Each structure stands twice: as C-alpha cells, then as structure tokens.
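Input: a single structure, listed below in structure tokens.
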Amino acid sequence: MKKWRYCAPCLLGLEGLAAQELRQMGADGVEAQNGRVLFTGDEGALARASLRLRCAERVLVLLGEFEARSFEELFQGVRALPWEDLLPVDAEFPVTGSCLNSQLHSVPDCQSIVKKAIVERLGGRYHVSWFQETGPLYRVRFRILKDKVSVMVDASGAGLHKRGYRPASTQAPIKETLAAALAMLARVRPDGHFIDPFCGSGTLLIEAALLAKNMAPGLHRRFIAESWAGSDKSVWQQERQAAKALERPEEGFWAEGFDIDPGAVALTLENARRAGVAGCIRAQVRDIADFESASQYGCVVCNPPYGERLLDAQAARELCRVMGRVFERRRGWSYGVITPEEDFESLFGRRADKRRKLYNGMIKCQFYQYFK
Ligand SMILES: C[S@@+](CC[C@H](N)C(=O)[O-])C[C@H]1O[C@@H](n2cnc3c(N)ncnc32)[C@H](O)[C@@H]1O
C-alpha cells in the first residue's frame, strides 16, 4: 500500500494525548486538530497505530480535503480523489457522513452525491458502469465542517475501544479509550500501584495495567484494513511481533479494585483474565467509606457513580464528600476523579491541582487531579 495521510478521531480534549502517542511510535506529520489527529505513513504506520493507539477511536485513510458549497463542488471534489489507488473493482463501499455549520446540510443528498462521484471515477478507471460490490469492505465517511469536506475510508472496522476483553460490563462502564487516557494523565508508572475504588467492570485497572506493561491494546483483535485488496499480511504480522517485543511483563506494577457490588468484582477479575493482566490485578468487595491502603505510594483514579445513571443525585454528591474524607493527603499518593459534579471541589473539600474538561460519552465532566 502506498503512503497515505491518516486521520485518528478522538474524544474532545484528548487530541494532545493521541498526538503524543503517535509521535512516540514514530509517526510522521503528526498534527492535532479539534477532535482528531492526522499523520502520514505506509501500511506499517497504519498497522502500528491500529495496534498501539490507546486513546483514539479509530483510524481512517484520509483520501482528501477540499472546500464545497454546492453539490457540484462536492461531486467534482470527490471525483478528483484517487479512489482507484485504494478500492479494487469489486470493493463494497457504503457511504455515510455528517454536515455541520455548512451550506451543504442534507446528509442523505450528500451521501448519494459522494457515492455517485466515486462510481463515476472508478467506472472510468475500471471501464465498468455497474459495481457488484461483492469484495472487501471500504466504509467511506465524509465530514463537512464549515464548508470543508474531509473524505475518509475507515481502516479499523470495530472502534479501537473494542479491545476484546470486555464482552460483558456492569452498568455505566467507562469507555476503554477514555480509561486509557485517564491512566496516561495520571502518569501510571511501570512499577506503580494503581487503585480504582469504584472498579465496576475493571476498565480503568485493565487499561492502567496495559499501559504500565506497555501492552498494545489492539494486539488481540483484527482490523478491517487487513482484509483490503493488496494488504500485506507480513506487514501486520511484523507490527504485531514488534508490539509484543515492547511489552514489559516483569515490571512491578500492580492494581487493586474495589466495588460495593460482588458481581462487579467478579467481572473485573474475569475481564482482567481475558486481557492477559490478571497476574497484576486484585479486586474485592469494599464500600468507598472503608477505603484504606497500607501501601506507601498509590495512584487512585476513579469514575464514581453519577447521579444521572446510577444513584440519585444526592447519593452521588454524598460519595464526593466520602472521597474527600478517605482520600487522605499523603506523600507518594495521587488521586484523579472524573465526574460531572459541578461543585465537586467543595464537596470533596480541596481544590484540585489540575482540572481538565472531558466528555464521558455525552456527559460533560471534569477530571480533577490531586498530586499532593
Ligand atoms: C460508574 S461505575 C464504574 C464503572 C467502571 N469504571 C467501569 O469501567 O466499569 C460506578 C461503580 O461504583 C460502584 N459503587 C456504587 N456505590 C459504591 C460505594 N459506596 N462504594 C464502592 N463502590 C460503589 C457501583 O457498583 C459501580 O460498579
């Protein structure tokens, strides 16, 4: 596969982290934009990013970008792109997209224009007028934002948050990509002690363990680009081997989870086993009011119940007060809490050392961090 520009969308607020991940894996032309990060590379770069990215949602080939204020401009712009470099004659290519703050605002109309333009381009190159679409899948996605069109093809298939270790979850699990981002922001160390006192299905503990041990989150799944025409299996195999070789299984990291619900504790242990990190994760039933640790140092990160989804608002606020009491100021300890609670700091009783606005699904939250 030739060199392409790629687009890795991510949750708002995580662009810097996703860009940092890409730079660390040696990607070229890394550029963080609102809600996405762009980079350039060959199939090896695509495989590396797909396997290793922790906090991006997916990877897409960015075929091109141009301005369009009319259907004609949209048609001409899409037809001018080098579709034949990516799509074979039997490609299946459904088109979906979005329009925001743009003159072109009818998504269904834009969808059919994009499809028509691709058919015309490929028809000319392959000398056919009808496409059977019986071959590999190339999901085309367009985004029209302030009259700027981005045309992309999804290279991931299932979103990158689908690591494969969480077929079942408790109520209100945190997304794997967001959990990984929180672990990165909390500066999880390879020899650290990580604690989630509201562990639910164990996502934060597992993502922290994968990070500490430098285990690639996508190692045990497949990506749609692997089924594309001309995809080189040996490239993906090499990248899997390279990612495996970077693992640090012997480090002293360990993680501890607590939850009031015995079912959640069992699920945490089950998911940790599926993720291949059961050896460093313990979990037991414990109410947050009884939180304690004899450990000299610790990094606590949690996603407590929010009034909206689990408990009523009053009970959720009471939990913030309890956290303020049990998360003692201790040398060697840090705490991170993601919550939509507007007056979290006053309930908790201390001003955070750092605050970052993040979305947990559709819920606007802040990640409050205490380092001392
Ligand atoms: C939002 S969920 C956490 C989800 C978790 N991060 C995950 O990815 O699955 C909150 C969890 O807090 C637990 N919980 C509620 N009240 C608690 C309490 N007083 N002490 C400890 N855990 C509690 C619930 O059982 C639930 O599993």
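Please note that chains go A, B, ... in the order of the structure tokens, that every chain numbers its residues from 1, and that ligands are numbered from 1 in the order shown.
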
TODO: Residues within 7 Å of ligand 1, counting only C-alpha atoms and all ligand atoms: report them as JSON, numbers by chain.
DONE: {"A": [169, 170, 171, 172, 173, 174, 175, 197, 198, 199, 200, 201, 202, 203, 204, 258, 259, 260, 261, 264, 286, 287, 288, 289, 302, 303, 304, 305, 306, 319]}

Next, dump the selected residues to file, keeping only N, CA and C atoms, as a PDB file, in the first residue's frame.
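Contents of again39.pdb, freshly written:
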ATOM      1  N   SER A 169     -20.226  -6.049  30.622  1.00  0.00           N
ATOM      2  CA  SER A 169     -19.820  -4.968  31.518  1.00  0.00           C
ATOM      3  C   SER A 169     -20.945  -4.683  32.496  1.00  0.00           C
ATOM      4  N   THR A 170     -20.613  -3.954  33.541  1.00  0.00           N
ATOM      5  CA  THR A 170     -21.633  -3.553  34.506  1.00  0.00           C
ATOM      6  C   THR A 170     -22.360  -2.350  33.928  1.00  0.00           C
ATOM      7  N   GLN A 171     -23.246  -1.770  34.707  1.00  0.00           N
ATOM      8  CA  GLN A 171     -23.906  -0.534  34.269  1.00  0.00           C
ATOM      9  C   GLN A 171     -22.863   0.570  34.168  1.00  0.00           C
ATOM     10  N   ALA A 172     -23.042   1.477  33.207  1.00  0.00           N
ATOM     11  CA  ALA A 172     -22.221   2.685  33.110  1.00  0.00           C
ATOM     12  C   ALA A 172     -20.719   2.441  33.086  1.00  0.00           C
ATOM     13  N   PRO A 173     -20.239   1.527  32.240  1.00  0.00           N
ATOM     14  CA  PRO A 173     -18.784   1.353  32.181  1.00  0.00           C
ATOM     15  C   PRO A 173     -18.160   2.551  31.480  1.00  0.00           C
ATOM     16  N   ILE A 174     -16.918   2.832  31.797  1.00  0.00           N
ATOM     17  CA  ILE A 174     -16.226   3.919  31.113  1.00  0.00           C
ATOM     18  C   ILE A 174     -15.657   3.336  29.816  1.00  0.00           C
ATOM     19  N   LYS A 175     -15.587   4.168  28.773  1.00  0.00           N
ATOM     20  CA  LYS A 175     -15.069   3.672  27.504  1.00  0.00           C
ATOM     21  C   LYS A 175     -13.572   3.376  27.661  1.00  0.00           C
ATOM     22  N   PRO A 197     -11.333   2.543  43.357  1.00  0.00           N
ATOM     23  CA  PRO A 197     -12.265   2.114  44.400  1.00  0.00           C
ATOM     24  C   PRO A 197     -13.716   1.960  43.937  1.00  0.00           C
ATOM     25  N   PHE A 198     -13.999   2.268  42.653  1.00  0.00           N
ATOM     26  CA  PHE A 198     -15.336   2.039  42.074  1.00  0.00           C
ATOM     27  C   PHE A 198     -15.117   1.256  40.778  1.00  0.00           C
ATOM     28  N   CYS A 199     -14.572   0.055  40.875  1.00  0.00           N
ATOM     29  CA  CYS A 199     -13.972  -0.556  39.668  1.00  0.00           C
ATOM     30  C   CYS A 199     -14.977  -1.080  38.643  1.00  0.00           C
ATOM     31  N   GLY A 200     -16.242  -1.311  38.995  1.00  0.00           N
ATOM     32  CA  GLY A 200     -17.231  -1.761  38.003  1.00  0.00           C
ATOM     33  C   GLY A 200     -16.727  -2.973  37.234  1.00  0.00           C
ATOM     34  N   SER A 201     -16.593  -2.819  35.912  1.00  0.00           N
ATOM     35  CA  SER A 201     -16.124  -3.968  35.118  1.00  0.00           C
ATOM     36  C   SER A 201     -14.599  -3.999  34.977  1.00  0.00           C
ATOM     37  N   GLY A 202     -13.912  -3.081  35.655  1.00  0.00           N
ATOM     38  CA  GLY A 202     -12.445  -3.165  35.719  1.00  0.00           C
ATOM     39  C   GLY A 202     -11.695  -2.425  34.620  1.00  0.00           C
ATOM     40  N   THR A 203     -12.398  -1.609  33.850  1.00  0.00           N
ATOM     41  CA  THR A 203     -11.770  -0.978  32.682  1.00  0.00           C
ATOM     42  C   THR A 203     -10.537  -0.139  33.043  1.00  0.00           C
ATOM     43  N   LEU A 204     -10.666   0.706  34.080  1.00  0.00           N
ATOM     44  CA  LEU A 204      -9.530   1.571  34.438  1.00  0.00           C
ATOM     45  C   LEU A 204      -8.326   0.738  34.892  1.00  0.00           C
ATOM     46  N   PHE A 258     -11.852  -2.018  43.993  1.00  0.00           N
ATOM     47  CA  PHE A 258     -12.891  -2.283  44.987  1.00  0.00           C
ATOM     48  C   PHE A 258     -14.224  -1.872  44.388  1.00  0.00           C
ATOM     49  N   ASP A 259     -15.279  -2.546  44.829  1.00  0.00           N
ATOM     50  CA  ASP A 259     -16.625  -2.151  44.412  1.00  0.00           C
ATOM     51  C   ASP A 259     -17.586  -2.710  45.446  1.00  0.00           C
ATOM     52  N   ILE A 260     -18.703  -2.014  45.615  1.00  0.00           N
ATOM     53  CA  ILE A 260     -19.691  -2.456  46.610  1.00  0.00           C
ATOM     54  C   ILE A 260     -20.466  -3.667  46.091  1.00  0.00           C
ATOM     55  N   ASP A 261     -20.413  -3.869  44.774  1.00  0.00           N
ATOM     56  CA  ASP A 261     -21.195  -4.918  44.124  1.00  0.00           C
ATOM     57  C   ASP A 261     -20.332  -6.160  43.847  1.00  0.00           C
ATOM     58  N   ALA A 264     -19.707  -6.963  40.211  1.00  0.00           N
ATOM     59  CA  ALA A 264     -18.713  -6.119  39.537  1.00  0.00           C
ATOM     60  C   ALA A 264     -17.304  -6.648  39.811  1.00  0.00           C
ATOM     61  N   ARG A 286     -15.741  -3.835  48.581  1.00  0.00           N
ATOM     62  CA  ARG A 286     -15.483  -2.862  49.656  1.00  0.00           C
ATOM     63  C   ARG A 286     -16.239  -1.561  49.367  1.00  0.00           C
ATOM     64  N   ASP A 287     -16.850  -1.026  50.378  1.00  0.00           N
ATOM     65  CA  ASP A 287     -17.537   0.260  50.258  1.00  0.00           C
ATOM     66  C   ASP A 287     -16.474   1.361  50.281  1.00  0.00           C
ATOM     67  N   ILE A 288     -16.694   2.429  49.534  1.00  0.00           N
ATOM     68  CA  ILE A 288     -15.724   3.529  49.489  1.00  0.00           C
ATOM     69  C   ILE A 288     -15.481   4.084  50.901  1.00  0.00           C
ATOM     70  N   ALA A 289     -16.486   4.012  51.762  1.00  0.00           N
ATOM     71  CA  ALA A 289     -16.337   4.554  53.124  1.00  0.00           C
ATOM     72  C   ALA A 289     -15.233   3.814  53.891  1.00  0.00           C
ATOM     73  N   CYS A 302     -10.610   7.180  39.498  1.00  0.00           N
ATOM     74  CA  CYS A 302     -11.934   6.557  39.521  1.00  0.00           C
ATOM     75  C   CYS A 302     -12.999   7.370  38.811  1.00  0.00           C
ATOM     76  N   ASN A 303     -14.037   6.623  38.508  1.00  0.00           N
ATOM     77  CA  ASN A 303     -15.191   7.119  37.791  1.00  0.00           C
ATOM     78  C   ASN A 303     -16.379   6.742  38.679  1.00  0.00           C
ATOM     79  N   PRO A 304     -16.661   7.562  39.726  1.00  0.00           N
ATOM     80  CA  PRO A 304     -17.715   7.192  40.678  1.00  0.00           C
ATOM     81  C   PRO A 304     -19.084   7.254  40.015  1.00  0.00           C
ATOM     82  N   PRO A 305     -20.117   6.692  40.635  1.00  0.00           N
ATOM     83  CA  PRO A 305     -21.455   6.785  40.037  1.00  0.00           C
ATOM     84  C   PRO A 305     -21.870   8.253  39.897  1.00  0.00           C
ATOM     85  N   TYR A 306     -22.476   8.576  38.759  1.00  0.00           N
ATOM     86  CA  TYR A 306     -23.010   9.926  38.553  1.00  0.00           C
ATOM     87  C   TYR A 306     -24.504   9.840  38.834  1.00  0.00           C
ATOM     88  N   LEU A 319     -21.179  10.702  47.916  1.00  0.00           N
ATOM     89  CA  LEU A 319     -19.964   9.923  47.625  1.00  0.00           C
ATOM     90  C   LEU A 319     -18.754  10.854  47.426  1.00  0.00           C
TER      91      LEU A 319
END

- [ ] Find the spatial neighbours of segment 37-49 of chain A, counting only C-alpha atoms, within a cut-off of 6 Å - ignore same-chain residues fewer than 4 positions away - and output them as a ChimeraX atom specification.
- [x] /A:1-8,28-33,53,235-236,239

TODO: For Glu270 of chain A, work out the shell of residues within 10 Å, counting only C-alpha atoms and skipping chain neighbours fewer than 3 positions away, then give it as a ChimeraX atom specification.
DONE: /A:165-166,168,201-202,264-267,273-275,278

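Distances here use only C-alpha atoms; by that measure, the residue among A:Lys372, A:Arg248, A:Arg187, A:Arg221 closest to Glu328 of chain A is A:Lys372.
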
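Using only C-alpha atoms, the shortest contact distance between Asp90 of chain A and any of A:Asn34, A:Gln132, A:Ser346, A:Ser106 is found at A:Gln132.
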
Open item on the list: as a VMD selection string, please: every residue in segment 160-253 of chain A that a backbone DSSP assignment puts in helix (DSSP H, G or I).
Closed with: chain A and resid 176 to 185 203 to 212 224 to 227 233 to 245

Go ahead and save the residues from that selection, with N, CA and C atoms, as a compact mmCIF listing (two decimals), in the first residue's frame.
# COMPACT_ATOMS: atom_id res chain seq x y z
N GLU A 176 -13.12 2.31 27.03
CA GLU A 176 -11.73 1.88 27.17
C GLU A 176 -10.76 2.99 26.76
N THR A 177 -11.08 3.73 25.71
CA THR A 177 -10.19 4.79 25.23
C THR A 177 -10.08 5.93 26.25
N LEU A 178 -11.21 6.25 26.90
CA LEU A 178 -11.18 7.30 27.92
C LEU A 178 -10.43 6.81 29.16
N ALA A 179 -10.66 5.54 29.52
CA ALA A 179 -9.96 4.97 30.68
C ALA A 179 -8.45 5.01 30.44
N ALA A 180 -8.02 4.66 29.23
CA ALA A 180 -6.59 4.67 28.92
C ALA A 180 -6.05 6.10 29.03
N ALA A 181 -6.84 7.07 28.56
CA ALA A 181 -6.40 8.47 28.62
C ALA A 181 -6.25 8.92 30.08
N LEU A 182 -7.18 8.52 30.94
CA LEU A 182 -7.09 8.91 32.35
C LEU A 182 -5.85 8.29 32.99
N ALA A 183 -5.56 7.05 32.62
CA ALA A 183 -4.36 6.39 33.17
C ALA A 183 -3.11 7.14 32.69
N MET A 184 -3.12 7.59 31.44
CA MET A 184 -1.96 8.35 30.93
C MET A 184 -1.83 9.68 31.67
N LEU A 185 -2.97 10.37 31.85
CA LEU A 185 -2.93 11.66 32.53
C LEU A 185 -2.50 11.51 33.99
N THR A 203 -12.40 -1.61 33.85
CA THR A 203 -11.77 -0.98 32.68
C THR A 203 -10.54 -0.14 33.04
N LEU A 204 -10.67 0.71 34.08
CA LEU A 204 -9.53 1.57 34.44
C LEU A 204 -8.33 0.74 34.89
N LEU A 205 -8.60 -0.30 35.68
CA LEU A 205 -7.50 -1.15 36.18
C LEU A 205 -6.79 -1.83 35.00
N ILE A 206 -7.59 -2.32 34.05
CA ILE A 206 -7.02 -3.07 32.93
C ILE A 206 -6.24 -2.13 32.00
N GLU A 207 -6.82 -0.96 31.71
CA GLU A 207 -6.11 -0.02 30.83
C GLU A 207 -4.82 0.48 31.49
N ALA A 208 -4.86 0.68 32.81
CA ALA A 208 -3.65 1.10 33.52
C ALA A 208 -2.59 0.01 33.45
N ALA A 209 -3.02 -1.25 33.59
CA ALA A 209 -2.07 -2.36 33.54
C ALA A 209 -1.48 -2.50 32.14
N LEU A 210 -2.32 -2.36 31.11
CA LEU A 210 -1.82 -2.46 29.73
C LEU A 210 -0.78 -1.36 29.48
N LEU A 211 -1.07 -0.16 30.01
CA LEU A 211 -0.15 0.97 29.84
C LEU A 211 1.16 0.72 30.59
N ALA A 212 1.05 0.31 31.85
CA ALA A 212 2.25 0.09 32.68
C ALA A 212 3.15 -0.98 32.07
N ILE A 224 -10.21 -3.93 9.84
CA ILE A 224 -10.81 -4.11 8.51
C ILE A 224 -9.77 -3.94 7.39
N ALA A 225 -8.78 -3.07 7.60
CA ALA A 225 -7.77 -2.83 6.55
C ALA A 225 -6.97 -4.09 6.23
N GLU A 226 -6.97 -5.05 7.17
CA GLU A 226 -6.23 -6.29 6.92
C GLU A 226 -6.90 -7.13 5.84
N SER A 227 -8.20 -6.84 5.58
CA SER A 227 -8.91 -7.63 4.56
C SER A 227 -8.93 -6.90 3.21
N LYS A 233 -0.03 -9.04 4.51
CA LYS A 233 -0.18 -9.73 5.80
C LYS A 233 1.11 -9.70 6.61
N SER A 234 2.26 -9.75 5.89
CA SER A 234 3.53 -9.81 6.62
C SER A 234 3.80 -8.49 7.36
N VAL A 235 3.30 -7.38 6.81
CA VAL A 235 3.47 -6.08 7.49
C VAL A 235 2.73 -6.10 8.84
N TRP A 236 1.50 -6.60 8.83
CA TRP A 236 0.71 -6.65 10.07
C TRP A 236 1.34 -7.63 11.07
N GLN A 237 1.84 -8.73 10.52
CA GLN A 237 2.48 -9.73 11.39
C GLN A 237 3.74 -9.14 12.05
N GLN A 238 4.53 -8.44 11.24
CA GLN A 238 5.75 -7.80 11.78
C GLN A 238 5.40 -6.80 12.87
N GLU A 239 4.37 -5.99 12.60
CA GLU A 239 3.97 -4.97 13.59
C GLU A 239 3.44 -5.62 14.86
N ARG A 240 2.75 -6.76 14.73
CA ARG A 240 2.28 -7.47 15.94
C ARG A 240 3.47 -7.98 16.73
N GLN A 241 4.44 -8.52 16.02
CA GLN A 241 5.64 -9.04 16.71
C GLN A 241 6.41 -7.91 17.39
N ALA A 242 6.52 -6.77 16.68
CA ALA A 242 7.25 -5.63 17.24
C ALA A 242 6.55 -5.12 18.50
N ALA A 243 5.22 -5.06 18.45
CA ALA A 243 4.46 -4.59 19.62
C ALA A 243 4.65 -5.55 20.78
N LYS A 244 4.61 -6.83 20.49
CA LYS A 244 4.78 -7.86 21.53
C LYS A 244 6.17 -7.73 22.18
N ALA A 245 7.17 -7.44 21.34
CA ALA A 245 8.55 -7.36 21.85
C ALA A 245 8.73 -6.16 22.78

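The nearest approach to Phe367 of chain A among the residues A:Leu145, A:Ile118, A:Ala68, A:Leu14, with only C-alpha atoms taken into account, belongs to A:Leu14.
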
Near Cys110 of chain A, counting only C-alpha atoms, which residues have an atom at most 8 Å away, once you skip same-chain residues fewer than 5 positions from it, shown as a PDB file with C-alpha atoms, in the first residue's frame?
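The result, stored in part19.pdb:
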ATOM      1  CA  PHE A  71     -23.473  19.733  -4.784  1.00  0.00           C
ATOM      2  CA  LEU A  74     -18.863  18.223  -3.743  1.00  0.00           C
ATOM      3  CA  LEU A 104     -24.413  21.712   2.337  1.00  0.00           C
ATOM      4  CA  HIS A 105     -26.584  20.351   5.130  1.00  0.00           C
TER       5      HIS A 105
END

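Nearest residue to Val188 of chain A among A:Thr268, A:Gln24, A:Thr96, A:Ser334 is A:Ser334, counting only C-alpha atoms.
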
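Taking only C-alpha atoms into account, Ser150 of chain A lies nearest to A:Leu63 out of the set A:Ala56, A:Met215, A:Val114, A:Leu63.
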
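Backbone DSSP of segment 173-347 of chain A yields strand (DSSP E) at His193, Phe194, Ile195, Asp196, Trp254, Ala255, Glu256, Gly257, Phe258, Asp259, Ile281, Arg282, Ala283, Gln284, Val285, Gly298, Cys299, Val300, Val301, Cys302, Trp333, Ser334, Tyr335, Gly336, Val337, Ile338 and Thr339 of chain A.
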
Suppose we keep N, CA and C atoms; can you now write the selection as a compact mmCIF listing (two decimals), in the first residue's frame?
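Result went into selection34.txt, see below:
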# COMPACT_ATOMS: atom_id res chain seq x y z
N HIS A 193 1.55 1.46 41.87
CA HIS A 193 0.40 0.81 42.50
C HIS A 193 -0.82 1.64 42.13
N PHE A 194 -1.74 1.04 41.40
CA PHE A 194 -2.90 1.76 40.85
C PHE A 194 -4.17 1.25 41.54
N ILE A 195 -5.06 2.17 41.91
CA ILE A 195 -6.27 1.75 42.64
C ILE A 195 -7.51 2.42 42.05
N ASP A 196 -8.55 1.61 41.82
CA ASP A 196 -9.85 2.15 41.43
C ASP A 196 -10.87 1.66 42.46
N TRP A 254 1.23 -3.17 40.10
CA TRP A 254 0.05 -3.93 40.49
C TRP A 254 -1.13 -3.00 40.72
N ALA A 255 -2.32 -3.54 40.50
CA ALA A 255 -3.53 -2.72 40.58
C ALA A 255 -4.55 -3.39 41.49
N GLU A 256 -5.34 -2.56 42.15
CA GLU A 256 -6.29 -3.03 43.13
C GLU A 256 -7.64 -2.37 42.85
N GLY A 257 -8.69 -3.17 42.79
CA GLY A 257 -10.02 -2.61 42.55
C GLY A 257 -10.96 -2.97 43.69
N PHE A 258 -11.85 -2.02 43.99
CA PHE A 258 -12.89 -2.28 44.99
C PHE A 258 -14.22 -1.87 44.39
N ASP A 259 -15.28 -2.55 44.83
CA ASP A 259 -16.63 -2.15 44.41
C ASP A 259 -17.59 -2.71 45.45
N ILE A 281 -3.66 -7.82 38.89
CA ILE A 281 -4.87 -7.12 39.35
C ILE A 281 -5.59 -7.93 40.43
N ARG A 282 -5.88 -7.26 41.54
CA ARG A 282 -6.69 -7.88 42.59
C ARG A 282 -7.97 -7.06 42.71
N ALA A 283 -9.03 -7.70 43.16
CA ALA A 283 -10.28 -6.96 43.35
C ALA A 283 -11.06 -7.57 44.49
N GLN A 284 -11.71 -6.73 45.27
CA GLN A 284 -12.56 -7.25 46.34
C GLN A 284 -13.71 -6.30 46.65
N VAL A 285 -14.71 -6.86 47.31
CA VAL A 285 -15.88 -6.06 47.66
C VAL A 285 -15.50 -5.11 48.79
N GLY A 298 0.63 5.33 45.97
CA GLY A 298 -0.51 4.85 45.20
C GLY A 298 -1.03 5.91 44.25
N CYS A 299 -1.65 5.43 43.18
CA CYS A 299 -2.24 6.32 42.18
C CYS A 299 -3.69 5.89 42.06
N VAL A 300 -4.60 6.72 42.60
CA VAL A 300 -6.02 6.38 42.57
C VAL A 300 -6.68 7.10 41.39
N VAL A 301 -7.40 6.38 40.56
CA VAL A 301 -8.19 7.01 39.50
C VAL A 301 -9.56 6.36 39.52
N CYS A 302 -10.61 7.18 39.50
CA CYS A 302 -11.93 6.56 39.52
C CYS A 302 -13.00 7.37 38.81
N TRP A 333 1.15 9.73 47.15
CA TRP A 333 -0.18 9.37 46.65
C TRP A 333 -0.74 10.45 45.74
N SER A 334 -1.47 10.03 44.72
CA SER A 334 -2.19 10.99 43.89
C SER A 334 -3.61 10.45 43.64
N TYR A 335 -4.54 11.37 43.36
CA TYR A 335 -5.94 10.99 43.16
C TYR A 335 -6.47 11.67 41.92
N GLY A 336 -7.26 10.95 41.15
CA GLY A 336 -7.90 11.52 39.97
C GLY A 336 -9.35 11.06 39.92
N VAL A 337 -10.28 12.01 39.81
CA VAL A 337 -11.71 11.66 39.80
C VAL A 337 -12.36 12.31 38.58
N ILE A 338 -13.05 11.51 37.76
CA ILE A 338 -13.78 12.11 36.63
C ILE A 338 -15.26 12.14 37.02
N THR A 339 -15.82 13.32 36.98
CA THR A 339 -17.22 13.49 37.43
C THR A 339 -17.85 14.72 36.77

- [ ] Extract, using only C-alpha atoms, all DNA, RNA and protein residues at most 8 Å from Ala155 of chain A, discarding same-chain residues fewer than 5 positions from it, and format them as a PyMOL selection string.
- [x] chain A and resi 58-61+138+223-225

Requested write-out: C-alpha atoms of the selected residues, as a PDB file, in the first residue's frame:
ATOM      1  CA  ARG A  58     -10.373   4.610  15.083  1.00  0.00           C
ATOM      2  CA  VAL A  59      -8.005   5.147  12.167  1.00  0.00           C
ATOM      3  CA  LEU A  60      -9.196   6.214   8.714  1.00  0.00           C
ATOM      4  CA  VAL A  61      -7.394   6.806   5.447  1.00  0.00           C
ATOM      5  CA  TYR A 138     -14.336   0.062   2.399  1.00  0.00           C
ATOM      6  CA  PHE A 223      -8.794  -4.552  11.693  1.00  0.00           C
ATOM      7  CA  ILE A 224     -10.812  -4.111   8.511  1.00  0.00           C
ATOM      8  CA  ALA A 225      -7.774  -2.829   6.553  1.00  0.00           C
TER       9      ALA A 225
END

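From atom CA of Lys162 of chain A back to atom CA of Gly276 of chain A, the distance works out to 15.1 Å.
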
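Around Glu57 of chain A, within 8 Å and counting only C-alpha atoms, the residues found are Ala8, Pro9, Cys10, Leu11, Cys55, Val59, Gly159, Leu160, His161 and Thr177 of chain A, once anything fewer than 2 positions away on its own chain is removed.
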
Filtering to C-alpha atoms, could you give me those residues as an mmCIF file, in the first residue's frame?
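result_22.cif, freshly written:
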data_model
loop_
_atom_site.group_PDB
_atom_site.id
_atom_site.type_symbol
_atom_site.label_atom_id
_atom_site.label_comp_id
_atom_site.auth_asym_id
_atom_site.auth_seq_id
_atom_site.Cartn_x
_atom_site.Cartn_y
_atom_site.Cartn_z
ATOM 1 C CA ALA A 8 -7.439 9.283 14.040
ATOM 2 C CA PRO A 9 -10.567 10.788 15.637
ATOM 3 C CA CYS A 10 -10.581 11.017 19.423
ATOM 4 C CA LEU A 11 -12.733 12.369 22.233
ATOM 5 C CA CYS A 55 -6.948 6.836 23.294
ATOM 6 C CA VAL A 59 -8.005 5.147 12.167
ATOM 7 C CA GLY A 159 -13.864 1.065 17.011
ATOM 8 C CA LEU A 160 -10.444 0.894 18.662
ATOM 9 C CA HIS A 161 -12.148 0.817 22.077
ATOM 10 C CA THR A 177 -10.193 4.786 25.226
#

Task: Exercise: Phe291 of chain A partners within 10 Å, only C-alpha atoms, chain neighbours under 6 positions left out, as a PyMOL selection string - done: chain A and resi 197+258+322-323+325-327

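Nearest-residue note for Leu100 of chain A: choosing from A:Leu137, A:Ile144, A:Val149, A:Val128, the minimum distance belongs to A:Ile144, counting only C-alpha atoms.
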
TODO: May I ask for the distance between atom CA of Asp191 of chain A and atom CA of Glu251 of chain A, given in Å to one decimal place?
DONE: 5.7 Å
